[in-house]
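Engineer: Handing you this structure, nothing more for now.
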Amino acid sequence: MEKVVIVMPAWNEEDNISKMIEELVDGEFPKINAEMHLLVVDNHSKDRTEEIVKEASKTRNNVHIIQQGDKSGLGWAYISGFKYAMKELDADAVMEMDADFQHPPRFVKPMVEAYLQGADYVIGSRYIQGGSIPKEWALFRKAVSYFGNLFIRIVLVKPKIHDLTTGFRLTRVKGVLENMDLDNLMEPGRFAHKVDLLYQAIKNSKKTVEVPLEFASRTQEKSKFNTKEMIATFRVATILGIKDKARFIKFGTVGFAGYLVNAIALELFADTSITLGLANVFKGLKNTLLAFIAEPSAWAAAFAAELAIINNFIFNNIWTFKEKKITGFLAIIKKFLAFNLSTVGAIVIQFIVIGVMVVFLGDTRLIRQLGILLAMPLVLSYNYVMYNLFIWKTWSFSKFFKKQE
Ligand SMILES: Nc1nc2c(ncn2[C@@H]2O[C@H](COP(=O)(O)OP(=O)(O)OP(=O)(O)O)[C@@H](O)[C@H]2O)c(=O)[nH]1
Ligand SMILES: [Mg+2]
């Protein structure tokens with residue numbers, strides 16, 4: 001049977017915790033087809049929280065309590081709780097859940113069911129059909145929650161996920177939680193750590209599912225969420241968003257520089273004796289299907305493509321793929337040859353596209369330059385795949401083909 005551990009941080013929750021244990025452990029757990037445990041993570045509460053949980057654990061072997069350690073803040077509570085659940089309780093999955101009934105216990109069952117049906121990461125979502133935020137929240141709080149979510153969704157580019165800041169989630173241990181870097185979690189002292197947990201979980205999860213959550217308001221209002229927390233949350237989301245796309249952004253910048261080299265070189269080569277001479281060698285092909293080979297501009301395009309490739313190789317090596325930088329004279333020569341071989345397709349694409357356009361539309365600067373633009377998306381996609389596969393080997397073959405599924 002699957003073992004699911006609910007990690008529940010509780011700090012001065014004497015008013016809620018015994019009712020929570022009754023409703024959740026005694027009321028809901030028996031209805032769920034998994035071995036359910038509750039792990040309360042206390043932060044040296046000044047009230048009777050610890051005493052109440054310890055008392056409850058005497059008669060229930062699925063109720064546990066630990067202290068989060070010396071560091072204060074919700075993220076630290078989850079770090080200690082997750083580690084304890086994995087190492088000491090041998091959990092197959094962990095859940096994040098609040099002790100104050102904002103996550104009503106009846107929603108645990110559908111989340112565990114989604115997990116049992118194969119989900120790696122289950123999100124209790126307030127922003128999908130069936131989910132909701134408290135009606136009594138002030139309009140301002142509703143707006144902050146909604147637009148905050150929208151912002152994070154955009155910067156992390158997660159259009160398919162609707163609730164990225166919920167505190168009610170389930171994470172599979174195997175393949176997901178065990179691969180997450182809990183020791184370097186961002187902002188563990190603040191609410192913002194939730195976004196890093198989500199980011200890492202999604203990265204490792206093959207199947208992420210949202211299940212509706214009717215988020216309740218706290219019985220006693222004492223919200224700690226303020227402007228500082230909000231800014232930290234947006235900051236974490238932005239950093240993760242950029243980090244995630246950094247390689248792609250750099251690749252695009254180098255590509256643009258390569259485009260300029262390409263466009264200028266094409267014009268410089270267009271009417272030189274080399275390109276005219278080469279085209280002349282193939283003049284017998286005029287009026288055949290291969291007429292583009294007899295076009296000087298097609299040859300100019302091939303030379304320009306090669307120059308652009310050299311440009312891109314150099315800058316991608318020292319910048320885009322810096323961590324994987326190739327050094328050593330022989331290694332660079334070897335890589336550069338391999339690189340040329342693997343990008344020969346790009347040269348061929350440009351040669352054909354520009355050659356054919358010139359044959360049909362005439363050899364003018366406008367047509368040549370349009371040819372470059374037309375060939376570019378093809379060339380870029382081709383190069384990106386080749387770079388990742390052969391040159392800097394950031395993708396393995398198996399991952400590449402999985403990506404294509
Ligand atoms: N162990 C531990 N638990 C904490 C800490 N801070 C908050 N908690 C618990 O974490 C859960 C969420 O905290 P809340 O204070 O309800 O935060 P919130 O839901 O964002 O804000 P509210 O709207 O006030 O409810 C509750 O179960 C708290 O008891 C902490 O530093 N350590
Ligand atoms: Mg709360």
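Chain identifiers are assigned as A, B, and so on, following the order in which chains appear in the structure tokens; residues are numbered from 1 within each chain, and ligands are numbered from 1 in order of appearance.
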Taking only C-alpha atoms and all ligand atoms into account, list the residues no farther than 8 Å from ligand 2, as a ChimeraX atom specification.
Structural biologist: /A:98-102,217-218,223
Engineer: Residues at most 10 Å from ligand 1, using only C-alpha atoms and all ligand atoms? Could they come as JSON, numbers by chain?
Structural biologist: {"A": [7, 8, 9, 10, 11, 12, 13, 14, 16, 17, 40, 41, 42, 43, 44, 45, 49, 66, 67, 68, 69, 71, 72, 73, 74, 75, 76, 77, 78, 80, 81, 96, 97, 98, 99, 100, 101, 102, 103, 137, 165, 166, 167, 188, 189, 190, 191, 215, 216, 217, 218, 219, 220, 221, 222, 223, 224, 225, 226, 229]}
Engineer: May I have all residues of segment 175-349 of chain A that DSSP, computed from the backbone, assigns to helix (DSSP H, G or I), given as a ChimeraX atom specification?
Structural biologist: /A:177-179,182-184,193-204,227-269,273-281,283-285,291-294,296-320,322-324,329-349
Engineer: Quick one: everything within 10 Å of segment 319-333 of chain A, counting only C-alpha atoms, minus sequence neighbours fewer than 5 positions away in the same chain. Send it as a PDB file with C-alpha atoms, in the first residue's frame.
Structural biologist:
ATOM      1  CA  ALA A 246      18.672  32.041 -19.729  1.00  0.00           C
ATOM      2  CA  ARG A 247      20.221  29.644 -22.184  1.00  0.00           C
ATOM      3  CA  PHE A 248      17.453  30.235 -24.657  1.00  0.00           C
ATOM      4  CA  ILE A 249      17.730  34.046 -24.343  1.00  0.00           C
ATOM      5  CA  LYS A 250      21.515  33.938 -24.871  1.00  0.00           C
ATOM      6  CA  PHE A 251      21.123  31.578 -27.785  1.00  0.00           C
ATOM      7  CA  GLY A 252      18.677  34.028 -29.356  1.00  0.00           C
ATOM      8  CA  THR A 253      21.046  36.968 -28.880  1.00  0.00           C
ATOM      9  CA  VAL A 254      23.982  35.125 -30.436  1.00  0.00           C
ATOM     10  CA  ASN A 312      27.822  31.582 -33.414  1.00  0.00           C
ATOM     11  CA  PHE A 313      30.225  28.808 -32.508  1.00  0.00           C
ATOM     12  CA  ILE A 314      32.625  31.240 -30.846  1.00  0.00           C
ATOM     13  CA  ALA A 338      32.256  18.214 -35.755  1.00  0.00           C
ATOM     14  CA  PHE A 339      30.258  21.390 -35.398  1.00  0.00           C
ATOM     15  CA  TYR A 387      24.048  22.083 -30.705  1.00  0.00           C
ATOM     16  CA  ASN A 388      22.206  20.413 -27.875  1.00  0.00           C
ATOM     17  CA  ILE A 391      28.204  19.904 -29.617  1.00  0.00           C
ATOM     18  CA  TRP A 392      27.542  20.787 -26.020  1.00  0.00           C
ATOM     19  CA  LYS A 393      25.559  17.626 -25.369  1.00  0.00           C
ATOM     20  CA  THR A 394      23.022  19.256 -23.084  1.00  0.00           C
TER      21      THR A 394
END
Engineer: Quick one, how far is atom CA of Ala232 of chain A from atom CA of Ala192 of chain A?
Structural biologist: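 Atom-to-atom, atom CA of Ala232 of chain A and atom CA of Ala192 of chain A are spaced 5.9 Å apart.
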Engineer: Using only C-alpha atoms for the distances, tell me which of A:Ala93, A:Pro105, A:Ala294, A:Leu366 is nearest to Glu23 of chain A.
Structural biologist: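 Between A:Ala93, A:Pro105, A:Ala294, A:Leu366, the residue approaching Glu23 of chain A most closely is A:Pro105.
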Engineer: Excluding same-chain residues fewer than 5 positions from Ile352 of chain A, what lies within 9 Å of it counting only C-alpha atoms, as a count of residues only?
Structural biologist: 5
Engineer: Looking at A:Ser205, A:Ser381, A:Ser125, A:Asn61, which one is nearest to Gly175 of chain A, with distances taken over only C-alpha atoms?
Structural biologist: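 The shortest atom-to-atom distance to Gly175 of chain A comes from A:Ser205.
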Engineer: Report, in Å with one decimal, the straight-line distance from atom CA of Phe29 of chain A to atom CA of Ile202 of chain A.
Structural biologist: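 So the two atoms, atom CA of Phe29 of chain A and atom CA of Ile202 of chain A, lie 26.6 Å apart.
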Engineer: With only C-alpha atoms as the atoms that count, which of A:Leu182, A:Ala270, A:Ala301, A:His37 lies nearest to Lys83 of chain A?
Structural biologist: A:Leu182
Engineer: Pick the closest to Val348 of chain A from A:Ile264, A:Leu177, A:Ala56, A:Ala375: which is it, counting only C-alpha atoms?
Structural biologist: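 Closest to Val348 of chain A, using only C-alpha atoms: A:Ala375.
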Engineer: Which polymer residues have any atom within 12 Å of an atom of Glu113 of chain A, counting only C-alpha atoms, with same-chain residues fewer than 5 positions away left out, as number ranges by chain?
Structural biologist: A: 2, 4, 31-34, 93, 107-108, 118-122, 170, 209-211
Engineer: Could you write those residues out with N, CA and C atoms, as a PDB file, in the first residue's frame?
Structural biologist:
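Contents of part.pdb, as written:
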ATOM      1  N   GLU A   2       0.461   2.258  -0.751  1.00  0.00           N
ATOM      2  CA  GLU A   2       1.233   3.503  -0.823  1.00  0.00           C
ATOM      3  C   GLU A   2       1.173   4.241   0.518  1.00  0.00           C
ATOM      4  N   VAL A   4       1.432   7.775   2.355  1.00  0.00           N
ATOM      5  CA  VAL A   4       1.372   9.216   2.123  1.00  0.00           C
ATOM      6  C   VAL A   4       1.501   9.942   3.465  1.00  0.00           C
ATOM      7  N   LYS A  31     -11.125   6.740   5.042  1.00  0.00           N
ATOM      8  CA  LYS A  31     -11.851   6.696   3.756  1.00  0.00           C
ATOM      9  C   LYS A  31     -10.890   6.595   2.583  1.00  0.00           C
ATOM     10  N   ILE A  32      -9.574   6.713   2.856  1.00  0.00           N
ATOM     11  CA  ILE A  32      -8.600   6.794   1.763  1.00  0.00           C
ATOM     12  C   ILE A  32      -7.865   5.469   1.607  1.00  0.00           C
ATOM     13  N   ASN A  33      -7.688   5.066   0.357  1.00  0.00           N
ATOM     14  CA  ASN A  33      -7.091   3.772   0.056  1.00  0.00           C
ATOM     15  C   ASN A  33      -5.557   3.838   0.015  1.00  0.00           C
ATOM     16  N   ALA A  34      -4.973   4.383   1.097  1.00  0.00           N
ATOM     17  CA  ALA A  34      -3.507   4.466   1.198  1.00  0.00           C
ATOM     18  C   ALA A  34      -3.170   4.505   2.677  1.00  0.00           C
ATOM     19  N   ALA A  93       4.864   9.457  -0.817  1.00  0.00           N
ATOM     20  CA  ALA A  93       4.451  10.790  -1.249  1.00  0.00           C
ATOM     21  C   ALA A  93       4.298  11.658  -0.008  1.00  0.00           C
ATOM     22  N   PHE A 107     -10.622  17.646   1.283  1.00  0.00           N
ATOM     23  CA  PHE A 107      -9.941  17.709  -0.015  1.00  0.00           C
ATOM     24  C   PHE A 107      -8.698  16.821  -0.107  1.00  0.00           C
ATOM     25  N   VAL A 108      -8.335  16.195   1.010  1.00  0.00           N
ATOM     26  CA  VAL A 108      -7.157  15.321   0.969  1.00  0.00           C
ATOM     27  C   VAL A 108      -7.434  14.103   0.080  1.00  0.00           C
ATOM     28  N   GLY A 118      -1.623   7.908 -10.722  1.00  0.00           N
ATOM     29  CA  GLY A 118      -0.412   8.097 -11.521  1.00  0.00           C
ATOM     30  C   GLY A 118       0.178   9.488 -11.542  1.00  0.00           C
ATOM     31  N   ALA A 119      -0.449  10.464 -10.869  1.00  0.00           N
ATOM     32  CA  ALA A 119       0.130  11.813 -10.877  1.00  0.00           C
ATOM     33  C   ALA A 119       1.386  11.848 -10.009  1.00  0.00           C
ATOM     34  N   ASP A 120       2.386  12.637 -10.446  1.00  0.00           N
ATOM     35  CA  ASP A 120       3.614  12.812  -9.663  1.00  0.00           C
ATOM     36  C   ASP A 120       3.505  14.031  -8.756  1.00  0.00           C
ATOM     37  N   TYR A 121       2.672  14.976  -9.188  1.00  0.00           N
ATOM     38  CA  TYR A 121       2.551  16.230  -8.444  1.00  0.00           C
ATOM     39  C   TYR A 121       1.087  16.644  -8.529  1.00  0.00           C
ATOM     40  N   VAL A 122       0.462  16.841  -7.380  1.00  0.00           N
ATOM     41  CA  VAL A 122      -0.957  17.196  -7.363  1.00  0.00           C
ATOM     42  C   VAL A 122      -1.101  18.555  -6.672  1.00  0.00           C
ATOM     43  N   LEU A 170       0.580  17.818  -3.209  1.00  0.00           N
ATOM     44  CA  LEU A 170       1.121  16.477  -2.963  1.00  0.00           C
ATOM     45  C   LEU A 170       2.281  16.237  -3.917  1.00  0.00           C
ATOM     46  N   VAL A 209      -1.109  17.366 -11.930  1.00  0.00           N
ATOM     47  CA  VAL A 209      -2.569  17.434 -12.008  1.00  0.00           C
ATOM     48  C   VAL A 209      -3.073  18.479 -11.026  1.00  0.00           C
ATOM     49  N   GLU A 210      -4.090  19.241 -11.416  1.00  0.00           N
ATOM     50  CA  GLU A 210      -4.733  20.158 -10.478  1.00  0.00           C
ATOM     51  C   GLU A 210      -6.073  19.586 -10.042  1.00  0.00           C
ATOM     52  N   VAL A 211      -6.319  19.673  -8.741  1.00  0.00           N
ATOM     53  CA  VAL A 211      -7.568  19.177  -8.170  1.00  0.00           C
ATOM     54  C   VAL A 211      -8.216  20.375  -7.463  1.00  0.00           C
TER      55      VAL A 211
END
Engineer: Would you list the contacts of Asn204 of chain A as a list of chain:residue names, taking every protein, DNA or RNA residue within 8 Å and counting only C-alpha atoms, but skipping same-chain residues closer than 2 positions in sequence?
Structural biologist: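 Once the adjacent positions are removed, what remains is A:Gly175, A:Val176, A:Asn179, A:Met180, A:Gln200, A:Ala201, A:Ile202, A:Lys206.
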Engineer: Take the residues from that selection and put them in a file with N, CA and C atoms, as an mmCIF file, in the first residue's frame.
Structural biologist:
data_model
loop_
_atom_site.group_PDB
_atom_site.id
_atom_site.type_symbol
_atom_site.label_atom_id
_atom_site.label_comp_id
_atom_site.auth_asym_id
_atom_site.auth_seq_id
_atom_site.Cartn_x
_atom_site.Cartn_y
_atom_site.Cartn_z
ATOM 1 N N GLY A 175 11.608 10.010 -7.909
ATOM 2 C CA GLY A 175 11.730 10.754 -9.159
ATOM 3 C C GLY A 175 11.420 12.237 -9.030
ATOM 4 N N VAL A 176 10.741 12.650 -7.960
ATOM 5 C CA VAL A 176 10.401 14.073 -7.837
ATOM 6 C C VAL A 176 11.057 14.665 -6.574
ATOM 7 N N ASN A 179 14.708 14.225 -6.003
ATOM 8 C CA ASN A 179 15.611 14.953 -6.904
ATOM 9 C C ASN A 179 15.629 16.455 -6.639
ATOM 10 N N MET A 180 14.822 16.898 -5.696
ATOM 11 C CA MET A 180 14.747 18.342 -5.458
ATOM 12 C C MET A 180 15.859 18.781 -4.498
ATOM 13 N N GLN A 200 10.608 23.410 -8.793
ATOM 14 C CA GLN A 200 11.430 22.191 -8.808
ATOM 15 C C GLN A 200 10.572 20.940 -8.985
ATOM 16 N N ALA A 201 9.409 20.937 -8.345
ATOM 17 C CA ALA A 201 8.546 19.762 -8.451
ATOM 18 C C ALA A 201 8.081 19.588 -9.893
ATOM 19 N N ILE A 202 7.649 20.685 -10.513
ATOM 20 C CA ILE A 202 7.161 20.588 -11.893
ATOM 21 C C ILE A 202 8.271 20.124 -12.830
ATOM 22 N N LYS A 206 6.539 14.117 -14.163
ATOM 23 C CA LYS A 206 6.119 13.793 -15.530
ATOM 24 C C LYS A 206 4.635 14.064 -15.695
#
Engineer: Ile242 of chain A: which residues within 9 Å, counting only C-alpha atoms, same-chain residues fewer than 5 positions away excluded, as number ranges by chain?
Structural biologist: A: 155-156, 237, 249
Engineer: Would you work out the distance separating atom CA of His64 of chain A from atom CA of Glu51 of chain A, expressed in Å to one decimal?
Structural biologist: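 Taking atom CA of His64 of chain A as the start and atom CA of Glu51 of chain A as the end point, the length is 11.8 Å.
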